[in-house]
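work.txt follows (compact mmCIF, C-alpha atoms):
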```
# COMPACT_ATOMS: atom_id res chain seq x y z
CA MET A 212 136.81 213.97 92.11
CA SER A 213 140.40 213.17 93.05
CA GLU A 214 141.21 216.89 92.70
CA LEU A 215 138.90 217.84 95.57
CA PHE A 216 140.44 219.02 98.82
CA LYS A 217 139.22 217.90 102.19
CA VAL A 218 137.91 220.73 104.33
CA SER A 219 137.71 220.43 108.11
CA SER A 220 136.96 222.76 110.97
CA ASN A 221 139.75 224.68 112.63
CA PRO A 222 142.31 224.46 114.10
CA HIS A 223 144.21 223.37 110.99
CA ILE A 224 147.63 223.46 112.65
CA ARG A 225 147.87 221.42 115.82
CA SER A 226 150.56 221.32 118.47
CA LYS A 227 151.88 218.07 119.88
CA VAL A 228 151.77 219.63 123.36
CA ALA A 229 148.66 218.44 125.21
CA THR A 230 146.62 220.65 127.53
CA ASN A 231 147.35 218.49 130.55
CA GLY A 232 151.08 218.79 129.81
CA LEU A 233 150.88 222.58 129.86
CA MET A 234 148.81 222.54 133.03
CA LEU A 235 151.23 220.16 134.72
CA ALA A 236 154.07 222.55 133.87
CA VAL A 237 152.15 225.42 135.48
CA VAL A 238 151.48 223.35 138.62
CA ILE A 239 155.17 222.50 138.90
CA ALA A 240 156.11 226.16 138.39
CA LEU A 241 153.74 227.16 141.18
CA LEU A 242 155.27 224.69 143.65
CA PRO A 243 158.03 227.06 144.87
CA ALA A 244 155.45 229.72 145.81
CA ALA A 245 153.12 227.11 147.28
CA GLY A 246 155.93 225.44 149.20
CA PHE A 247 157.12 228.73 150.64
CA GLY A 248 153.54 229.60 151.60
CA ILE A 249 153.29 226.36 153.59
CA TYR A 250 156.70 226.97 155.18
CA HIS A 251 155.84 230.59 155.97
CA PHE A 252 152.28 230.18 157.26
CA GLY A 253 152.26 226.57 158.40
CA PRO A 254 149.86 223.63 157.84
CA ARG A 255 146.84 225.96 157.59
CA ALA A 256 148.12 227.11 154.19
CA LEU A 257 148.22 223.49 152.97
CA ALA A 258 144.66 223.01 154.22
CA VAL A 259 143.46 226.02 152.19
CA MET A 260 145.19 224.63 149.08
CA MET A 261 143.64 221.19 149.54
CA VAL A 262 140.18 222.70 149.98
CA THR A 263 140.36 224.97 146.93
CA MET A 264 141.82 222.30 144.68
CA GLY A 265 139.36 219.73 145.97
CA SER A 266 136.40 222.05 145.37
CA THR A 267 137.52 222.98 141.84
CA VAL A 268 138.24 219.39 140.78
CA LEU A 269 135.02 217.99 142.27
CA THR A 270 132.91 220.78 140.79
CA GLU A 271 134.31 220.17 137.32
CA TYR A 272 133.95 216.39 137.72
CA PHE A 273 130.30 216.52 138.79
CA TYR A 274 129.43 219.07 136.12
CA GLY A 275 131.12 216.92 133.49
CA PHE A 276 129.41 213.79 134.80
CA TYR A 277 126.02 215.50 134.60
CA THR A 278 126.62 216.85 131.08
CA LYS A 279 128.48 213.70 129.95
CA LYS A 280 131.55 215.77 129.03
CA LEU A 281 134.30 214.87 131.48
CA THR A 282 137.24 217.28 131.16
CA VAL A 283 138.73 217.06 134.63
CA THR A 284 141.76 215.10 133.38
CA ASP A 285 143.18 218.16 131.62
CA LEU A 286 144.36 219.43 135.05
CA SER A 287 143.05 222.95 134.44
CA ALA A 288 140.83 222.67 137.53
CA VAL A 289 143.91 221.84 139.61
CA VAL A 290 145.68 224.94 138.31
CA THR A 291 142.62 227.10 139.07
CA GLY A 292 142.33 225.71 142.59
CA LEU A 293 146.02 226.20 143.35
CA LEU A 294 146.07 229.74 141.95
CA LEU A 295 143.00 230.61 143.97
CA ALA A 296 144.60 229.32 147.17
CA LEU A 297 147.75 231.35 146.53
CA ASN A 298 145.57 234.46 146.26
CA LEU A 299 143.79 233.90 149.58
CA PRO A 300 144.80 234.87 153.13
CA VAL A 301 145.76 231.86 155.22
CA SER A 302 143.16 232.75 157.88
CA ILE A 303 140.17 232.54 155.52
CA PRO A 304 137.46 230.12 156.70
CA LEU A 305 137.73 226.90 154.74
CA TRP A 306 134.09 227.00 153.65
CA MET A 307 134.74 230.36 151.96
CA ALA A 308 137.74 228.89 150.17
CA ALA A 309 135.55 226.02 148.96
CA LEU A 310 132.85 228.45 147.82
CA GLY A 311 135.44 230.34 145.81
CA GLY A 312 136.51 227.14 144.08
CA VAL A 313 132.92 226.27 143.15
CA PHE A 314 132.32 229.79 141.82
CA ALA A 315 135.52 229.71 139.74
CA ILE A 316 134.67 226.46 137.98
CA LEU A 317 130.89 226.46 137.82
CA VAL A 318 130.06 230.12 137.19
CA VAL A 319 133.13 231.46 135.39
CA LYS A 320 134.33 228.39 133.51
CA MET A 321 131.81 225.59 132.91
CA LEU A 322 128.66 227.65 132.37
CA PHE A 323 130.46 229.50 129.58
CA GLY A 324 131.53 226.31 127.80
CA GLY A 325 134.52 225.05 129.76
CA LEU A 326 138.23 225.47 129.15
CA GLY A 327 138.85 227.84 126.26
CA GLN A 328 135.48 229.56 126.55
CA ASN A 329 135.74 231.40 129.88
CA PHE A 330 135.91 235.17 129.42
CA MET A 331 138.04 235.92 132.47
CA ASN A 332 140.58 234.15 134.64
CA PRO A 333 138.53 231.83 136.91
CA ALA A 334 140.86 232.04 139.92
CA LEU A 335 140.95 235.84 139.90
CA ALA A 336 137.21 236.06 139.26
CA ALA A 337 136.66 233.89 142.34
CA ARG A 338 139.03 236.05 144.38
CA CYS A 339 137.14 239.20 143.38
CA PHE A 340 133.86 237.46 144.18
CA LEU A 341 135.12 236.62 147.65
CA LEU A 342 136.52 240.14 148.14
CA ILE A 343 133.12 241.64 147.38
CA SER A 344 131.17 239.07 149.39
CA PHE A 345 133.46 238.72 152.42
CA PRO A 346 135.72 241.81 152.53
CA THR A 347 136.69 241.41 156.19
CA ALA A 348 137.82 237.82 155.87
CA MET A 349 139.62 238.52 152.60
CA THR A 350 141.58 241.47 153.96
CA SER A 351 142.51 239.98 157.32
CA PHE A 352 146.14 238.86 157.29
CA ASP A 353 146.58 238.24 161.02
CA TYR A 354 147.83 234.71 161.59
CA ASP A 355 150.15 233.50 164.35
CA ALA A 356 153.36 235.56 164.24
CA PHE A 357 152.40 237.47 161.11
CA THR A 358 150.00 240.23 162.03
CA GLY A 359 149.22 243.73 160.90
CA ALA A 360 148.90 245.34 157.51
CA THR A 361 150.55 244.10 154.35
CA PRO A 362 153.71 245.93 153.26
CA LEU A 363 151.81 247.73 150.48
CA ALA A 364 149.21 248.98 152.93
CA ALA A 365 152.01 250.25 155.18
CA LEU A 366 153.72 251.86 152.19
CA LYS A 367 150.50 253.58 151.15
CA ALA A 368 150.11 254.89 154.71
CA GLY A 369 153.56 256.48 154.51
CA GLU A 370 155.32 253.94 156.70
CA ASN A 371 158.67 252.34 156.03
CA VAL A 372 158.85 248.74 154.81
CA ASN A 373 161.61 246.16 154.85
CA LEU A 374 162.41 245.49 151.21
CA LEU A 375 164.52 242.39 151.95
CA ASP A 376 161.64 240.84 153.87
CA MET A 377 159.35 241.52 150.93
CA VAL A 378 161.71 239.88 148.45
CA VAL A 379 162.35 236.85 150.64
CA GLY A 380 158.74 236.60 151.82
CA ARG A 381 158.89 237.29 155.55
CA THR A 382 155.77 239.47 155.50
CA ALA A 383 152.01 239.34 155.82
CA GLY A 384 149.96 238.74 152.69
CA THR A 385 148.17 236.04 150.77
CA ILE A 386 149.59 232.53 150.78
CA GLY A 387 151.45 232.75 147.49
CA GLU A 388 152.30 236.41 147.02
CA THR A 389 154.84 237.05 149.77
CA SER A 390 158.03 235.56 148.32
CA VAL A 391 159.19 237.25 145.12
CA ILE A 392 162.09 234.80 144.91
CA ALA A 393 159.79 231.78 144.86
CA ILE A 394 157.53 233.37 142.23
CA VAL A 395 160.45 234.30 139.98
CA ILE A 396 161.87 230.77 140.20
CA GLY A 397 158.55 229.40 138.96
CA ALA A 398 158.31 232.06 136.26
CA CYS A 399 161.80 231.22 134.99
CA LEU A 400 160.75 227.58 134.68
CA LEU A 401 157.74 228.54 132.55
CA LEU A 402 159.95 230.74 130.37
CA LEU A 403 162.55 228.00 129.90
CA LEU A 404 159.85 225.48 128.96
CA GLY A 405 158.34 227.93 126.48
CA VAL A 406 154.97 227.89 128.22
CA ILE A 407 154.95 231.70 128.44
CA ASP A 408 157.00 234.54 126.99
CA LEU A 409 157.95 237.95 128.33
CA ARG A 410 155.68 240.11 126.16
CA ILE A 411 152.84 240.55 128.65
CA PRO A 412 154.78 240.30 131.97
CA ALA A 413 157.56 242.65 130.88
CA THR A 414 155.18 245.21 129.38
CA TYR A 415 153.00 245.03 132.49
CA ILE A 416 155.91 245.50 134.89
CA VAL A 417 157.62 248.28 132.90
CA THR A 418 154.37 250.22 132.43
CA PHE A 419 153.49 249.97 136.10
CA THR A 420 157.02 251.02 137.13
CA ILE A 421 156.84 254.14 134.96
CA PHE A 422 153.37 254.98 136.25
CA ALA A 423 154.39 254.53 139.90
CA GLY A 424 157.48 256.64 139.33
CA LEU A 425 155.47 259.47 137.77
CA PHE A 426 152.48 259.51 140.12
CA GLY A 427 153.51 257.63 143.26
CA GLY A 428 154.87 260.71 145.04
CA HIS A 429 158.37 259.29 145.49
CA GLY A 430 159.71 259.80 142.00
CA PHE A 431 161.81 256.98 140.58
CA HIS A 432 163.31 256.09 143.95
CA PRO A 433 164.66 252.53 143.56
CA ALA A 434 163.55 251.32 147.02
CA TYR A 435 160.00 252.61 146.55
CA LEU A 436 159.62 251.10 143.10
CA ALA A 437 161.13 247.80 144.23
CA ALA A 438 158.67 247.65 147.12
CA GLN A 439 155.76 248.34 144.78
CA LEU A 440 156.88 245.56 142.45
CA SER A 441 157.49 243.10 145.28
CA GLY A 442 154.12 243.45 146.98
CA GLY A 443 150.47 242.98 146.27
CA GLY A 444 150.81 239.90 144.12
CA LEU A 445 152.03 241.86 141.10
CA MET A 446 154.69 239.31 140.16
CA LEU A 447 152.30 236.40 140.69
CA GLY A 448 149.67 238.11 138.55
CA ALA A 449 152.08 239.20 135.82
CA PHE A 450 153.65 235.79 135.22
CA PHE A 451 150.93 233.31 136.14
CA MET A 452 147.54 234.96 135.54
CA ALA A 453 147.98 237.72 132.98
CA THR A 454 149.61 235.12 130.69
CA ASP A 455 146.63 232.74 130.81
CA TYR A 456 146.23 231.39 127.26
CA VAL A 457 142.43 231.65 127.28
CA THR A 458 141.98 235.17 128.60
CA ARG A 459 144.94 237.00 127.01
CA PRO A 460 145.00 238.42 123.46
CA ILE A 461 146.25 236.07 120.77
CA THR A 462 147.88 238.77 118.65
CA VAL A 463 151.41 239.99 119.38
CA LYS A 464 150.44 243.66 119.20
CA GLY A 465 147.40 242.94 121.35
CA GLN A 466 149.56 241.35 124.04
CA TYR A 467 151.67 244.50 124.31
CA ILE A 468 148.52 246.64 124.54
CA PHE A 469 147.14 244.24 127.14
CA GLY A 470 150.29 244.54 129.25
CA ILE A 471 150.24 248.33 129.04
CA PHE A 472 146.59 248.39 130.10
CA LEU A 473 147.30 246.14 133.10
CA GLY A 474 150.19 248.34 134.22
CA LEU A 475 148.12 251.52 133.95
CA MET A 476 145.09 250.08 135.75
CA THR A 477 147.17 248.57 138.54
CA GLY A 478 148.86 251.94 139.04
CA ILE A 479 145.51 253.76 139.12
CA PHE A 480 144.02 251.31 141.62
CA ARG A 481 147.08 251.35 143.89
CA ILE A 482 148.00 255.01 143.86
CA PHE A 483 144.68 256.79 143.40
CA GLY A 484 142.28 254.18 144.76
CA PRO A 485 141.38 253.51 148.39
CA GLY A 486 143.12 250.11 148.45
CA ALA A 487 146.79 249.25 148.30
CA GLU A 488 146.68 246.48 145.69
CA GLY A 489 144.62 246.29 142.48
CA VAL A 490 146.27 243.49 140.47
CA SER A 491 143.21 241.24 140.50
CA TYR A 492 140.80 243.93 139.33
CA ALA A 493 143.24 245.15 136.68
CA ILE A 494 143.58 241.69 135.13
CA ILE A 495 139.82 241.03 135.28
CA LEU A 496 139.12 244.32 133.49
CA GLY A 497 141.82 243.51 130.97
CA ASN A 498 140.21 240.12 130.31
CA LEU A 499 136.93 241.83 129.51
CA LEU A 500 138.65 244.05 126.93
CA VAL A 501 140.47 241.23 125.15
CA PRO A 502 137.82 240.81 122.38
CA LEU A 503 138.04 244.53 121.61
CA ILE A 504 141.85 244.47 121.64
CA GLU A 505 141.90 241.51 119.27
CA LYS A 506 139.38 243.17 116.95
CA TYR A 507 141.70 246.10 116.30
CA THR A 508 145.01 244.20 116.32
CA MET A 509 144.11 241.18 114.18
CA PRO A 510 146.34 241.10 111.08
CA VAL A 511 144.57 241.78 107.79
CA ALA A 512 144.57 238.82 105.39
CA PHE A 513 146.87 239.22 102.39
CA GLY A 514 144.94 240.63 99.42
CA HIS A 515 142.20 242.13 101.59
CA ARG A 516 141.49 245.52 103.02
CA LYS A 517 140.05 246.20 106.44
CA GLY A 518 136.34 245.72 106.18
CA GLY A 519 136.64 242.54 104.12
CA LYS A 520 136.83 244.06 100.60
CA HIS A 521 139.34 242.80 98.06
CA SER A 522 142.19 245.11 97.29
CA GLU A 523 142.51 246.61 93.81
CA LYS A 524 146.03 245.34 93.37
```
What would the structure in this file look like if it were written as structure tokens?
Amino acid sequence: MSELFKVSSNPHIRSKVATNGLMLAVVIALLPAAGFGIYHFGPRALAVMMVTMGSTVLTEYFYGFYTKKLTVTDLSAVVTGLLLALNLPVSIPLWMAALGGVFAILVVKMLFGGLGQNFMNPALAARCFLLISFPTAMTSFDYDAFTGATPLAALKAGENVNLLDMVVGRTAGTIGETSVIAIVIGACLLLLLGVIDLRIPATYIVTFTIFAGLFGGHGFHPAYLAAQLSGGGLMLGAFFMATDYVTRPITVKGQYIFGIFLGLMTGIFRIFGPGAEGVSYAIILGNLLVPLIEKYTMPVAFGHRKGGKHSEK
């Protein structure tokens, strides 16, 4: 009997890093973009953030209280609420922002089993839900001194854009997408902490750049490609949402395929579609394909062939 091994359910290898520690790191990394959004758009941006984070946290708390499975302390609801706010226009009615937070947590996350079971990124799913339900409010970027179309919309219409303003963030757009500098600062923090790696973001960005250069109508003109990369939330999506642990592939090969798919879909939506953006829809579609990607990129166990049969050797 002493020779028997103890068998337990997976995971068999556990990390000392707790979920709330990872989520706290993401929140801290998002602070530069959030802070610039408040500086750029004023107190209304802070109000949107408070509403979305409040709605996500309260929704998860009440759901957990009802089901007797409280998970709100893992801070994932805070991350979802903050990401959602950064993907919303500052002029959105606050009740719509709250509705998006409830949808993200209740429909996309908790009803599918909670953190680790959701099949798509909750914040982006909520943004797409709001885009479909309230297209006018979600595509209106007129607020105080910042009015008119986003730089990508102007670029798609054949107008000139100020690349420096796009990099710094002095443009119209959603609360968290305007400043590339702020987003990159946060992304560098996540990379230094080892929370994310460059496989998905780099593959995404390189694939999209090649696609835009081939089909964008401007060739590989540096200013055009830089403007495409700086606008439409591509950097925010590449570093903070495409890298979501739950909704990205777990295999290394799958992550490269995932990044290529995101770059291609974003290029198709932006260049051939009626809109000027496409990052949100590209990542959502990519999330839906993750099970298929993992199926064909999962390493075969040593001593087995594909299909589960033992090898002859």
Would you mind listing, for every residue of range 326-395 of chain A within 9 Å of range 457-479 of chain A, the two atoms forming the shortest contact and the distance between them in Å to one decimal, using all atoms listed in the file, sorted by chain and ascending residue number, as CSV?
```
residue,atom,partner,partner_atom,distance
A:Leu326,CA,A:Val457,CA,7.7
A:Gly327,CA,A:Val457,CA,5.3
A:Gln328,CA,A:Val457,CA,7.3
A:Asn329,CA,A:Val457,CA,7.2
A:Phe330,CA,A:Thr458,CA,6.1
A:Met331,CA,A:Thr458,CA,5.6
A:Asn332,CA,A:Thr458,CA,6.3
```
Store the residues picked out above, limited to C-alpha atoms, as a PDB file, in the coordinates of the input.
```pdb
ATOM      1  CA  LEU A 326     138.230 225.470 129.150  1.00  0.00           C
ATOM      2  CA  GLY A 327     138.850 227.840 126.260  1.00  0.00           C
ATOM      3  CA  GLN A 328     135.480 229.560 126.550  1.00  0.00           C
ATOM      4  CA  ASN A 329     135.740 231.400 129.880  1.00  0.00           C
ATOM      5  CA  PHE A 330     135.910 235.170 129.420  1.00  0.00           C
ATOM      6  CA  MET A 331     138.040 235.920 132.470  1.00  0.00           C
ATOM      7  CA  ASN A 332     140.580 234.150 134.640  1.00  0.00           C
TER       8      ASN A 332
END
```
Within 9 Å of Gly444 in chain A using only C-alpha atoms, minus same-chain residues under 5 positions, as a count of residues only: 11
If you measure from CA of Val511 in chain A to CA of Ala453 in chain A, what distance in Å do you get, rounded to one decimal?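 Between these atoms lies a distance of 25.7 Å.
Counting from CA of Asn231 in chain A, the distance to CA of Leu286 in chain A is 5.5 Å.
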One number please: CA of Met260 in chain A to CA of Phe247 in chain A, in Å, one decimal.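 Result for CA of Met260 in chain A versus CA of Phe247 in chain A: 12.7 Å, one decimal.
Considering all atoms listed in the file, the residue among A:Gln439, A:Thr420, A:Thr282, A:Thr291 positioned nearest to Val378 in chain A is A:Gln439.
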Check the smallest atom-to-atom distance from each of A:Pro300, A:Pro485, A:Pro333, A:Gly448 to Phe314 in chain A using only C-alpha atoms, then report the winner.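 Smallest separation from Phe314 in chain A among the options: A:Pro333.
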Find the nearest atom pair between each residue of range 212-309 of chain A and range 342-348 of chain A for residues within 8 Å, count all atoms listed in the file, give distances in Å to one decimal, sort rows by chain and ascending number, and present the table as a Markdown table.
```
| residue | atom | partner | partner_atom | distance |
| --- | --- | --- | --- | --- |
| A:Ser302 | CA | A:Ala348 | CA | 7.6 |
| A:Ile303 | CA | A:Ala348 | CA | 5.8 |
| A:Pro304 | CA | A:Ala348 | CA | 7.8 |
```
Contact residues around Ser441 in chain A with all atoms listed in the file at 12 Å, ignoring same-chain residues under 4 positions, as a PyMOL selection string: chain A and resi 361-363+366+372-382+384+388-395+416+420+433-437+445-449+488
I want to know what sits within 10 Å of Val238 in chain A, based on all atoms listed in the file, with residues of the same chain fewer than 4 positions away left out; could you give that as a PyMOL selection string? chain A and resi 232-234+242-243+245+286-287+289-291+293-294+397
Between A:Val237, A:Ile495, A:Leu440, A:Leu503, which residue has the minimum interatomic distance to Arg481 in chain A, considering only C-alpha atoms? A:Leu440
Between A:Ala309, A:Leu297, A:Asp455, A:Val318, which is the closest to Ala244 in chain A once you count all atoms listed in the file? A:Leu297
With distances taken over only C-alpha atoms, which of A:Gly369, A:Cys399, A:Leu295, A:Gly486 is nearest to His429 in chain A?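 Going through A:Gly369, A:Cys399, A:Leu295, A:Gly486 one by one, the smallest distance to His429 in chain A is for A:Gly369.
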Go ahead and fit an axis-aligned box to every listed atom of range 500-507 of chain A plus 3 Å each side, and pass me the centre and edge lengths in Å, one decimal, as lines of an AutoDock Vina configuration file.
```
center_x = 139.9
center_y = 243.5
center_z = 121.6
size_x = 10.1
size_y = 11.3
size_z = 16.6
```
